[in-house]
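Peer 1: One file is attached below, input.txt, containing compact mmCIF, C-alpha atoms.
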```
# COMPACT_ATOMS: atom_id res chain seq x y z
CA MET G 5 6.45 53.09 21.96
CA PRO G 6 8.01 55.30 19.29
CA SER G 7 6.00 55.57 16.07
CA ILE G 8 7.02 53.54 13.05
CA LYS G 9 8.49 56.70 11.47
CA GLU G 10 10.63 57.33 14.52
CA LEU G 11 11.79 53.72 14.44
CA ALA G 12 12.78 54.21 10.81
CA LYS G 13 15.23 56.89 11.92
CA ARG G 14 17.14 54.36 13.98
CA GLU G 15 20.09 52.56 12.48
CA SER G 16 19.43 49.03 11.31
CA ARG G 17 21.60 46.71 13.37
CA PHE G 18 20.60 43.43 11.74
CA VAL G 19 21.52 44.15 8.13
CA SER G 20 20.78 42.66 4.72
CA GLY G 21 22.83 39.93 3.16
CA HIS G 22 22.07 37.27 5.75
CA ARG G 23 21.08 33.93 4.30
CA LEU G 24 17.86 33.17 6.14
CA CYS G 25 15.19 31.79 3.80
CA ALA G 26 13.05 34.23 1.84
CA GLY G 27 10.16 35.12 4.14
CA CYS G 28 11.84 33.89 7.33
CA GLY G 29 10.10 34.95 10.52
CA ALA G 30 13.35 35.03 12.49
CA GLY G 31 14.79 37.74 10.24
CA ILE G 32 11.86 39.99 11.07
CA ILE G 33 12.15 39.22 14.77
CA MET G 34 15.87 40.04 14.93
CA ARG G 35 15.29 43.35 13.15
CA LEU G 36 12.37 44.29 15.40
CA VAL G 37 14.15 43.43 18.64
CA LEU G 38 17.20 45.47 17.75
CA LEU G 39 15.07 48.36 16.45
CA ALA G 40 13.23 48.44 19.76
CA ILE G 41 16.41 49.01 21.75
CA ASP G 42 17.84 52.52 21.54
CA LYS G 43 20.97 51.74 23.55
CA PRO G 44 24.21 49.89 22.85
CA VAL G 45 23.56 46.14 22.73
CA ILE G 46 25.77 43.12 23.29
CA ALA G 47 24.24 39.87 22.14
CA SER G 48 24.99 36.19 22.32
CA CYS G 49 23.35 33.64 20.10
CA ALA G 50 22.83 29.91 20.36
CA THR G 51 23.51 27.70 17.37
CA GLY G 52 20.47 27.70 15.14
CA CYS G 53 19.03 29.17 11.99
CA VAL G 54 19.90 32.75 12.88
CA GLU G 55 23.46 31.97 13.92
CA VAL G 56 24.09 29.80 10.88
CA ALA G 57 22.54 32.21 8.39
CA SER G 58 23.72 35.55 9.77
CA THR G 59 27.37 34.80 10.42
CA ILE G 60 28.55 32.69 7.51
CA PHE G 61 32.30 33.17 7.49
CA PRO G 62 33.67 35.75 6.73
CA TYR G 63 30.46 37.80 6.90
CA SER G 64 28.32 39.01 9.76
CA SER G 65 24.90 40.66 9.62
CA TRP G 66 25.22 42.09 13.11
CA LYS G 67 26.23 45.68 13.66
CA ILE G 68 26.65 45.05 17.37
CA PRO G 69 29.16 43.05 19.43
CA TRP G 70 27.82 39.55 18.99
CA ILE G 71 29.13 36.21 20.15
CA HIS G 72 28.40 32.60 19.39
CA SER G 73 30.12 29.90 21.35
CA ALA G 74 27.99 26.75 21.30
CA PHE G 75 24.50 25.39 20.95
CA GLU G 76 23.69 25.04 24.64
CA ASN G 77 25.14 28.11 26.25
CA SER G 78 23.72 31.31 24.81
CA ALA G 79 22.37 32.17 28.27
CA SER G 80 25.56 31.37 30.18
CA THR G 81 27.77 33.20 27.65
CA ILE G 82 25.72 36.37 28.06
CA SER G 83 25.69 35.82 31.85
CA GLY G 84 29.50 35.94 31.86
CA ILE G 85 29.56 39.08 29.75
CA GLU G 86 26.99 40.76 31.96
CA ALA G 87 28.92 39.79 35.11
CA ALA G 88 32.15 41.18 33.63
CA TYR G 89 30.32 44.39 32.72
CA ARG G 90 29.12 44.78 36.31
CA VAL G 91 32.69 44.45 37.57
CA PHE G 92 33.95 46.99 35.01
CA LYS G 93 31.20 49.36 36.03
CA ARG G 94 32.02 48.99 39.71
CA GLU G 95 35.69 49.65 38.97
CA ARG G 96 34.66 52.63 36.82
CA LYS G 97 36.35 51.22 33.72
CA ILE G 98 33.16 51.60 31.75
CA ASP G 99 30.28 54.04 32.13
CA LYS G 100 28.10 53.12 29.15
CA ASP G 101 24.60 51.84 29.66
CA ILE G 102 24.57 48.52 27.80
CA VAL G 103 21.69 46.15 27.13
CA PHE G 104 22.48 42.44 27.12
CA VAL G 105 20.44 40.20 24.87
CA ALA G 106 20.66 36.46 24.33
CA PHE G 107 19.06 34.87 21.30
CA GLY G 108 18.18 31.24 20.91
CA GLY G 109 15.93 29.12 18.76
CA ASP G 110 13.55 26.65 20.34
CA GLY G 111 16.19 23.90 20.19
CA GLY G 112 18.77 26.10 21.87
CA THR G 113 16.23 27.22 24.46
CA HIS G 114 13.70 24.47 25.21
CA ASP G 115 16.04 21.51 24.84
CA ILE G 116 19.79 21.89 24.48
CA GLY G 117 20.15 25.30 26.11
CA PHE G 118 17.67 24.71 28.89
CA GLN G 119 20.04 24.25 31.81
CA ALA G 120 22.05 27.33 30.82
CA LEU G 121 18.81 29.31 30.55
CA SER G 122 17.52 28.04 33.87
CA GLY G 123 20.82 28.87 35.58
CA ALA G 124 20.96 32.37 34.16
CA ALA G 125 17.35 32.96 35.24
CA GLU G 126 18.06 31.65 38.73
CA ARG G 127 21.11 33.92 39.10
CA ASN G 128 18.87 36.72 37.80
CA HIS G 129 21.40 38.30 35.46
CA ASN G 130 20.31 41.58 33.95
CA VAL G 131 19.71 39.99 30.56
CA LEU G 132 16.91 39.83 28.02
CA TYR G 133 16.53 36.36 26.53
CA ILE G 134 14.70 36.18 23.20
CA CYS G 135 13.61 32.76 22.04
CA TYR G 136 12.58 32.69 18.39
CA ASN G 137 10.46 29.59 18.42
CA ASN G 138 9.99 27.95 15.02
CA GLN G 139 8.90 24.73 16.70
CA ALA G 140 11.54 22.31 15.38
CA TYR G 141 15.23 22.01 14.49
CA MET G 142 14.79 23.78 11.19
CA ASN G 143 18.34 24.52 10.08
CA THR G 144 19.44 20.87 10.29
CA GLY G 145 16.45 19.68 8.29
CA VAL G 146 13.27 19.91 10.37
CA GLN G 147 13.72 17.45 13.23
CA ARG G 148 11.28 17.44 16.13
CA SER G 149 12.11 19.45 19.26
CA GLY G 150 10.55 19.90 22.68
CA ALA G 151 8.66 22.82 21.21
CA THR G 152 7.17 20.96 18.25
CA PRO G 153 3.40 20.85 18.68
CA LYS G 154 1.53 17.57 18.92
CA PHE G 155 0.72 15.85 15.61
CA ALA G 156 3.06 18.10 13.62
CA HIS G 157 4.96 16.41 10.84
CA THR G 158 8.76 16.61 11.10
CA THR G 159 11.42 14.38 9.55
CA THR G 160 11.88 12.56 12.86
CA SER G 161 8.14 12.35 13.58
CA PRO G 162 6.87 11.62 10.08
CA VAL G 163 3.17 11.27 9.45
CA GLY G 164 2.41 7.73 8.31
CA LYS G 165 0.72 4.49 9.27
CA LYS G 166 2.55 4.18 12.62
CA ILE G 167 2.20 7.71 13.97
CA PRO G 168 0.17 10.81 13.02
CA GLY G 169 3.15 13.16 13.47
CA LYS G 170 4.78 13.99 16.80
CA ILE G 171 2.92 12.10 19.53
CA GLU G 172 3.94 14.23 22.52
CA TRP G 173 2.74 17.64 23.62
CA GLN G 174 5.04 20.63 23.35
CA LYS G 175 6.66 22.16 26.41
CA ASN G 176 5.15 25.33 27.75
CA LEU G 177 8.43 27.07 28.42
CA GLY G 178 6.79 30.41 29.22
CA GLU G 179 5.20 28.82 32.29
CA ILE G 180 8.47 27.17 33.24
CA MET G 181 10.15 30.58 33.14
CA VAL G 182 7.34 32.07 35.24
CA ALA G 183 8.08 29.34 37.78
CA HIS G 184 11.65 30.69 37.98
CA ASN G 185 10.16 33.83 39.53
CA ILE G 186 11.95 36.12 37.12
CA PRO G 187 10.68 39.69 36.80
CA TYR G 188 9.36 39.50 33.25
CA VAL G 189 8.06 36.78 30.92
CA ALA G 190 6.14 37.46 27.72
CA THR G 191 5.05 35.89 24.46
CA ALA G 192 4.99 37.72 21.14
CA ILE G 193 4.67 37.27 17.38
CA PRO G 194 6.23 39.14 14.45
CA GLY G 195 2.76 39.82 12.98
CA ARG G 196 1.93 42.16 15.86
CA TRP G 197 5.17 44.04 15.69
CA ASN G 198 4.01 46.94 17.86
CA ASP G 199 3.26 44.50 20.67
CA LEU G 200 6.69 42.88 20.28
CA ILE G 201 8.47 46.25 20.26
CA ASN G 202 6.50 47.36 23.33
CA LYS G 203 7.49 44.22 25.18
CA VAL G 204 11.18 44.56 24.34
CA GLU G 205 11.12 48.22 25.37
CA LYS G 206 9.43 47.33 28.63
CA ALA G 207 11.73 44.39 29.33
CA ILE G 208 14.98 46.30 28.98
CA LYS G 209 13.83 48.81 31.58
CA ILE G 210 13.37 46.04 34.14
CA GLU G 211 16.36 44.95 36.21
CA GLY G 212 16.94 41.19 36.23
CA PHE G 213 16.32 38.27 33.89
CA LYS G 214 13.66 38.75 31.22
CA TYR G 215 12.33 36.11 28.86
CA ILE G 216 10.35 36.78 25.69
CA GLU G 217 9.26 33.93 23.47
CA VAL G 218 8.41 34.90 19.92
CA LEU G 219 6.65 32.56 17.53
CA SER G 220 8.74 32.43 14.38
CA PRO G 221 6.88 31.04 11.35
CA CYS G 222 9.13 28.83 9.26
CA ARG G 223 8.26 28.62 5.59
CA LEU G 224 10.66 25.69 5.14
CA GLY G 225 9.60 23.46 7.99
CA TRP G 226 5.96 24.29 8.63
CA PRO G 227 5.92 24.75 5.39
CA HIS G 228 3.85 27.67 4.25
CA GLU G 229 3.84 30.24 1.46
CA PRO G 230 6.61 32.76 2.17
CA GLU G 231 4.36 35.83 2.01
CA LEU G 232 2.16 34.44 4.83
CA THR G 233 4.80 34.66 7.57
CA MET G 234 3.20 37.57 9.42
CA GLU G 235 -0.35 36.39 8.73
CA ILE G 236 0.26 32.87 10.06
CA SER G 237 1.64 34.25 13.30
CA ARG G 238 -1.52 36.34 13.67
CA ILE G 239 -3.68 33.27 13.01
CA ALA G 240 -1.84 31.49 15.84
CA VAL G 241 -3.03 34.29 18.11
CA GLU G 242 -6.57 34.40 16.72
CA THR G 243 -6.98 30.66 17.27
CA CYS G 244 -5.48 30.92 20.79
CA VAL G 245 -2.77 28.43 19.83
CA TRP G 246 -0.26 31.15 20.75
CA PRO G 247 -1.85 33.58 23.22
CA LEU G 248 -0.18 36.95 23.71
CA TYR G 249 0.42 37.57 27.38
CA GLU G 250 3.00 38.94 29.76
CA VAL G 251 3.84 38.14 33.35
CA GLU G 252 5.35 40.99 35.30
CA PHE G 253 6.60 40.04 38.75
CA GLY G 254 4.17 37.10 38.81
CA LYS G 255 1.18 39.15 37.66
CA TYR G 256 -0.44 37.83 34.48
CA LYS G 257 -1.77 40.18 31.85
CA LEU G 258 -3.47 39.21 28.60
CA ASN G 259 -2.31 41.54 25.82
CA TYR G 260 -4.78 40.53 23.19
CA LYS G 261 -8.10 38.74 23.30
CA PRO G 262 -9.45 37.65 19.90
CA LYS G 263 -12.91 39.09 19.26
CA GLU G 264 -14.01 35.74 17.99
CA LYS G 265 -11.90 32.71 18.86
CA LYS G 266 -11.23 30.88 15.61
CA PRO G 267 -11.16 27.06 15.37
CA VAL G 268 -7.69 25.46 15.26
CA SER G 269 -8.43 24.16 11.77
CA GLU G 270 -7.73 27.73 10.59
CA TRP G 271 -4.23 27.32 12.01
CA PHE G 272 -3.78 23.88 10.38
CA ARG G 273 -5.09 24.98 7.02
CA LEU G 274 -2.09 26.98 5.86
CA GLN G 275 0.63 24.59 6.97
CA GLY G 276 1.89 21.40 5.37
CA ARG G 277 2.91 19.85 8.68
CA PHE G 278 -0.74 19.74 9.83
CA ARG G 279 -2.32 18.89 6.47
CA HIS G 280 -3.20 15.33 7.61
CA LEU G 281 -5.29 16.73 10.48
CA LEU G 282 -7.80 18.09 7.99
CA LEU G 283 -8.56 14.63 6.56
CA PRO G 284 -11.91 13.13 7.58
CA GLU G 285 -10.26 10.10 9.23
CA ASN G 286 -8.29 12.38 11.55
CA VAL G 287 -11.15 14.44 12.93
CA LYS G 288 -10.56 12.96 16.38
CA LEU G 289 -6.93 14.11 16.39
CA ALA G 290 -7.92 17.65 15.44
CA GLU G 291 -10.55 17.60 18.19
CA GLU G 292 -7.93 16.53 20.71
CA ILE G 293 -5.80 19.54 19.82
CA GLN G 294 -8.81 21.88 19.96
CA LYS G 295 -9.69 20.57 23.42
CA GLU G 296 -6.19 21.13 24.75
CA VAL G 297 -5.93 24.60 23.18
CA ASP G 298 -9.26 25.49 24.82
CA ARG G 299 -8.14 24.13 28.16
CA ARG G 300 -4.86 26.07 28.11
CA TRP G 301 -6.67 29.22 27.00
CA GLU G 302 -9.23 28.95 29.84
CA GLU G 303 -6.40 28.34 32.29
CA LEU G 304 -4.59 31.42 31.05
CA LEU G 305 -7.73 33.56 31.23
CA LYS G 306 -8.20 32.51 34.85
CA LYS G 307 -4.60 33.45 35.66
CA CYS G 308 -5.04 36.83 33.99
CA GLU G 309 -8.27 37.57 35.87
CA SER G 310 -6.98 36.71 39.31
CA MET H 232 28.47 39.06 -6.46
CA GLU H 233 31.62 39.68 -4.48
CA LYS H 234 34.65 37.54 -5.31
CA LYS H 235 35.28 34.78 -2.75
CA LEU H 236 38.35 35.26 -0.59
CA THR H 237 41.15 32.72 -0.80
CA TRP H 238 42.39 31.10 2.41
CA LYS H 239 45.35 33.47 2.48
CA GLU H 240 43.10 36.52 2.38
CA LEU H 241 40.70 35.38 5.09
CA PRO H 242 40.91 37.24 8.40
CA ILE H 243 42.71 35.43 11.20
CA GLY H 244 40.45 33.90 13.81
CA ASP H 245 36.72 34.08 13.79
CA ILE H 246 36.23 37.76 14.42
CA LEU H 247 34.00 39.08 11.69
CA GLU H 248 33.46 42.66 10.66
CA GLY H 249 30.09 43.91 11.90
CA GLY H 250 27.56 44.33 9.12
CA SER H 251 29.88 42.80 6.53
CA SER H 252 27.13 40.61 5.12
CA LEU H 253 26.15 43.69 3.12
CA LYS H 254 28.91 42.56 0.76
CA PHE H 255 26.92 39.41 0.06
CA LYS H 256 24.04 40.11 -2.29
CA THR H 257 21.03 37.84 -1.94
CA GLY H 258 18.94 39.45 -4.68
CA ASN H 259 19.63 36.63 -7.13
CA TRP H 260 17.52 34.25 -5.00
CA ARG H 261 14.43 36.02 -6.21
CA SER H 262 11.92 34.60 -8.68
CA LYS H 263 9.23 37.22 -8.12
CA ILE H 264 9.94 40.90 -7.87
CA PRO H 265 8.02 43.49 -5.83
CA VAL H 266 6.90 46.54 -7.75
CA HIS H 267 5.83 49.73 -6.01
CA ILE H 268 2.71 51.63 -7.07
CA PRO H 269 3.29 55.19 -5.82
CA GLU H 270 -0.32 56.39 -6.37
CA LYS H 271 -1.60 53.86 -3.85
CA CYS H 272 1.21 54.20 -1.29
CA ILE H 273 0.34 56.04 1.93
CA ASN H 274 3.89 55.91 3.34
CA CYS H 275 2.83 53.89 6.36
CA PHE H 276 6.15 51.98 6.38
CA ILE H 277 4.46 48.68 7.25
CA CYS H 278 6.35 47.03 4.37
CA TRP H 279 9.59 48.37 5.79
CA ILE H 280 9.00 46.97 9.25
CA SER H 281 7.82 43.61 7.86
CA CYS H 282 10.81 42.94 5.61
CA PRO H 283 13.03 40.12 6.92
CA ASP H 284 15.89 41.31 4.73
CA ASP H 285 15.87 45.01 5.51
CA ALA H 286 15.52 45.46 1.74
CA ILE H 287 13.11 48.38 1.72
CA ILE H 288 14.63 51.83 1.83
CA VAL H 289 12.62 54.63 3.38
CA ASP H 290 13.41 58.27 3.85
CA ALA H 291 12.83 58.56 7.57
CA GLU H 292 13.46 62.32 7.70
CA LYS H 293 10.81 63.12 5.08
CA GLY H 294 8.59 60.22 6.13
CA LYS H 295 8.48 58.96 2.55
CA TRP H 296 8.88 55.52 1.00
CA SER H 297 12.00 55.50 -1.24
CA SER H 298 12.76 52.24 -3.01
CA PHE H 299 13.36 48.52 -2.88
CA ASN H 300 16.88 47.35 -2.43
CA TYR H 301 16.87 44.70 -5.15
CA ASP H 302 20.44 43.73 -4.26
CA TYR H 303 19.06 41.92 -1.22
CA CYS H 304 15.32 41.41 -1.76
CA LYS H 305 14.67 37.66 -1.87
CA GLY H 306 11.19 38.12 -3.29
CA CYS H 307 9.29 36.56 -0.40
CA GLY H 308 6.29 38.83 -0.99
CA ILE H 309 5.61 39.69 2.66
CA CYS H 310 5.63 43.42 1.83
CA ALA H 311 2.97 42.97 -0.85
CA TYR H 312 0.84 40.83 1.45
CA GLU H 313 1.09 43.16 4.43
CA CYS H 314 0.53 46.39 2.50
CA PRO H 315 -2.85 47.77 3.65
CA LYS H 316 -3.36 49.64 0.36
CA LYS H 317 -2.10 46.98 -2.06
CA ALA H 318 0.55 49.40 -3.23
CA ILE H 319 3.07 46.62 -3.85
CA GLU H 320 2.61 44.02 -6.56
CA MET H 321 4.62 40.85 -7.01
CA ARG H 322 5.49 40.23 -10.65
CA GLU H 323 7.37 37.47 -12.40
CA GLU H 324 10.97 38.54 -12.74
CA ILE H 325 12.12 38.43 -16.32
CA GLU H 326 15.84 38.23 -16.91
CA LYS H 327 17.25 41.03 -18.95
```
Have the structure of the file written as structure tokens, please.
Peer 2:
Amino acid sequence: MPSIKELAKRESRFVSGHRLCAGCGAGIIMRLVLLAIDKPVIASCATGCVEVASTIFPYSSWKIPWIHSAFENSASTISGIEAAYRVFKRERKIDKDIVFVAFGGDGGTHDIGFQALSGAAERNHNVLYICYNNQAYMNTGVQRSGATPKFAHTTTSPVGKKIPGKIEWQKNLGEIMVAHNIPYVATAIPGRWNDLINKVEKAIKIEGFKYIEVLSPCRLGWPHEPELTMEISRIAVETCVWPLYEVEFGKYKLNYKPKEKKPVSEWFRLQGRFRHLLLPENVKLAEEIQKEVDRRWEELLKKCES
Amino acid sequence: MEKKLTWKELPIGDILEGGSSLKFKTGNWRSKIPVHIPEKCINCFICWISCPDDAIIVDAEKGKWSSFNYDYCKGCGICAYECPKKAIEMREEIEK
């Protein structure tokens, strides 16, 4: 990985003036991903916070060829572009080395864009898919998604007398992508930016479909203090709620093991959507989450050891 | 703030100029303002890499921190929080 000072010499390709919230995790992720790539990039983007905030007509924050067509098809749009590029290359109409990146939020990846993603992975296009996962439909007003964690408060799974927040578990899309047998799957957070940059750098060198899921703290929907964006993502890793791992050609590797695994209450503490889990009457709910986090963590450790 | 275009002046179709959002200043969103304390700064650039708005200007050639770009800084305070030397302070912004 180039040092931070070498990265600073690169041109910023996700520029200021976008209208993401102050302290938005996705803004950091977009900048980091594009900084990590030192080649020409073509990107597609699913509908979502980033698309809505970075390309408000007539402005664009992208200094690269960038396309949005619909919510569900970020992966298939980039597949088409990549396929066309391969034809042009074969016919010697183009000789540039171009990196293809698809961006999608958790809604545009886990739910609405899932079949397009699965298809692109199955066809093994030479594409890097970045999912910035803020764990709900944030730009439309915080509705639950397939990635919303259990017992999180959203406007469509409100905490009250009937339910204690979302009652279902979140999808583990990383594992689903591993099951597609694609060459590279990884998780990342903005708070460990060197890890994220390393993973993007590694991914673009691999031929085939690559999937990186980045936890994107959302100060509006989680909600948390805006200055804590990076810190909260690190707490997710320290509590093993969001383990950092990569799977290269089916081989698991743990990228970071917390020295001391923190209790999940540390993760709940800073976020409004989990505030109810800290109440004495909800101890059982918090324990349920802790148990599942522990189970998934142990399972992951086993996979990484074998 | 840039003047809004009328419908006659808008570009045809939905092809936008790359990086044109620079014409849209987001600095007026801010309620707190980051202030740099040069004596404490070690030019590690962690604030620069942590900024969601690309609103910190660094001199990459000299390896030195330069300035905040207050035209775009939304005052989220991530830079101040992440700074390992506490060389950035968030202060209440007082209108001049």
Peer 1: Using only C-alpha atoms, which chain G residues lie at most 7 Å away from chain H, written as a ChimeraX atom specification?
Peer 2: /G:8-9,12-13,19-22,26-29,31-32,62-68,230-232
Peer 1: Would you put the residues from that selection into a file with C-alpha atoms, as a PDB file, in the coordinates of the input?
Peer 2:
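That gives us result.pdb:
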```pdb
ATOM      1  CA  ILE G   8       7.020  53.540  13.050  1.00  0.00           C
ATOM      2  CA  LYS G   9       8.490  56.700  11.470  1.00  0.00           C
ATOM      3  CA  ALA G  12      12.780  54.210  10.810  1.00  0.00           C
ATOM      4  CA  LYS G  13      15.230  56.890  11.920  1.00  0.00           C
ATOM      5  CA  VAL G  19      21.520  44.150   8.130  1.00  0.00           C
ATOM      6  CA  SER G  20      20.780  42.660   4.720  1.00  0.00           C
ATOM      7  CA  GLY G  21      22.830  39.930   3.160  1.00  0.00           C
ATOM      8  CA  HIS G  22      22.070  37.270   5.750  1.00  0.00           C
ATOM      9  CA  ALA G  26      13.050  34.230   1.840  1.00  0.00           C
ATOM     10  CA  GLY G  27      10.160  35.120   4.140  1.00  0.00           C
ATOM     11  CA  CYS G  28      11.840  33.890   7.330  1.00  0.00           C
ATOM     12  CA  GLY G  29      10.100  34.950  10.520  1.00  0.00           C
ATOM     13  CA  GLY G  31      14.790  37.740  10.240  1.00  0.00           C
ATOM     14  CA  ILE G  32      11.860  39.990  11.070  1.00  0.00           C
ATOM     15  CA  PRO G  62      33.670  35.750   6.730  1.00  0.00           C
ATOM     16  CA  TYR G  63      30.460  37.800   6.900  1.00  0.00           C
ATOM     17  CA  SER G  64      28.320  39.010   9.760  1.00  0.00           C
ATOM     18  CA  SER G  65      24.900  40.660   9.620  1.00  0.00           C
ATOM     19  CA  TRP G  66      25.220  42.090  13.110  1.00  0.00           C
ATOM     20  CA  LYS G  67      26.230  45.680  13.660  1.00  0.00           C
ATOM     21  CA  ILE G  68      26.650  45.050  17.370  1.00  0.00           C
ATOM     22  CA  PRO G 230       6.610  32.760   2.170  1.00  0.00           C
ATOM     23  CA  GLU G 231       4.360  35.830   2.010  1.00  0.00           C
ATOM     24  CA  LEU G 232       2.160  34.440   4.830  1.00  0.00           C
TER      25      LEU G 232
END
```
Peer 1: Using all atoms listed in the file, can you tell me which of G:Leu248, G:Leu282, G:Cys222, G:Cys135 comes closest to Trp197 in chain G?
Peer 2: G:Leu248
Peer 1: Using all atoms listed in the file, can you list as a ChimeraX atom specification the residues within 7 Å of (7.2, 36.9, 35.1)?
Peer 2: /G:182,185-189,251-255
Peer 1: Tell me which protein, DNA and RNA residues are within 9 Å of Val245 in chain G, counting all atoms listed in the file, leaving out same-chain ones fewer than 3 positions away, and put them as a PyMOL selection string.
Peer 2: chain G and resi 239-242+268+271+294+297-298+300-301
Peer 1: Show me, as a PyMOL selection string, the residues that have an atom within 7 Å of Tyr136 in chain G when counting only C-alpha atoms, minus same-chain residues fewer than 4 positions from it.
Peer 2: chain G and resi 30+108-110+217-220
Peer 1: Using Å and a single decimal, report how far CA of Thr81 in chain G sits from CA of Lys93 in chain G.
Peer 2: 18.5 Å
Peer 1: Provide the CA of Leu121 in chain G to CA of Arg94 in chain G distance in Å, to one decimal place.
Peer 2: 25.4 Å
Peer 1: Can you work out which one of G:Gly225, G:Glu296, G:Val163, G:Phe278 has the shortest atom-to-atom distance to Val146 in chain G, counting all atoms listed in the file?
Peer 2: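 Of G:Gly225, G:Glu296, G:Val163, G:Phe278, the one nearest Val146 in chain G, counting all atoms listed in the file, is G:Gly225.
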Peer 1: Near Ala40 in chain G, within 7 Å and counting only C-alpha atoms, which residues show up once chain neighbours fewer than 3 positions away are dropped, as a PyMOL selection string?
Peer 2: chain G and resi 36-37+201+204-205
Peer 1: What box, with edges along x, y and z, holds each listed atom of range 254-265 of chain H when 4 Å is added on every side, and can you state its centre and edge lengths in Å to one decimal, as AutoDock Vina command-line options?
Peer 2:
```
--center_x 18.5 --center_y 38.9 --center_z -4.0 --size_x 28.9 --size_y 17.2 --size_z 17.4
```
Peer 1: Which is closer to Glu303 in chain G than all the others in G:Ile46, G:Arg273, G:Cys244, G:Lys266, using only C-alpha atoms?
Peer 2: G:Cys244
Peer 1: One decimal, in Å: what's the spacing between CA of Gly169 in chain G and CA of Ser269 in chain G?
Peer 2: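 So the answer is 16.1 Å.
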Peer 1: Do you know which residues are at most 12 Å from Leu224 in chain G counting all atoms listed in the file, after dropping those on the same chain fewer than 6 positions away, and could you put them as a ChimeraX atom specification?
Peer 2: /G:24-29,53,138-147,158,230,233,275-277
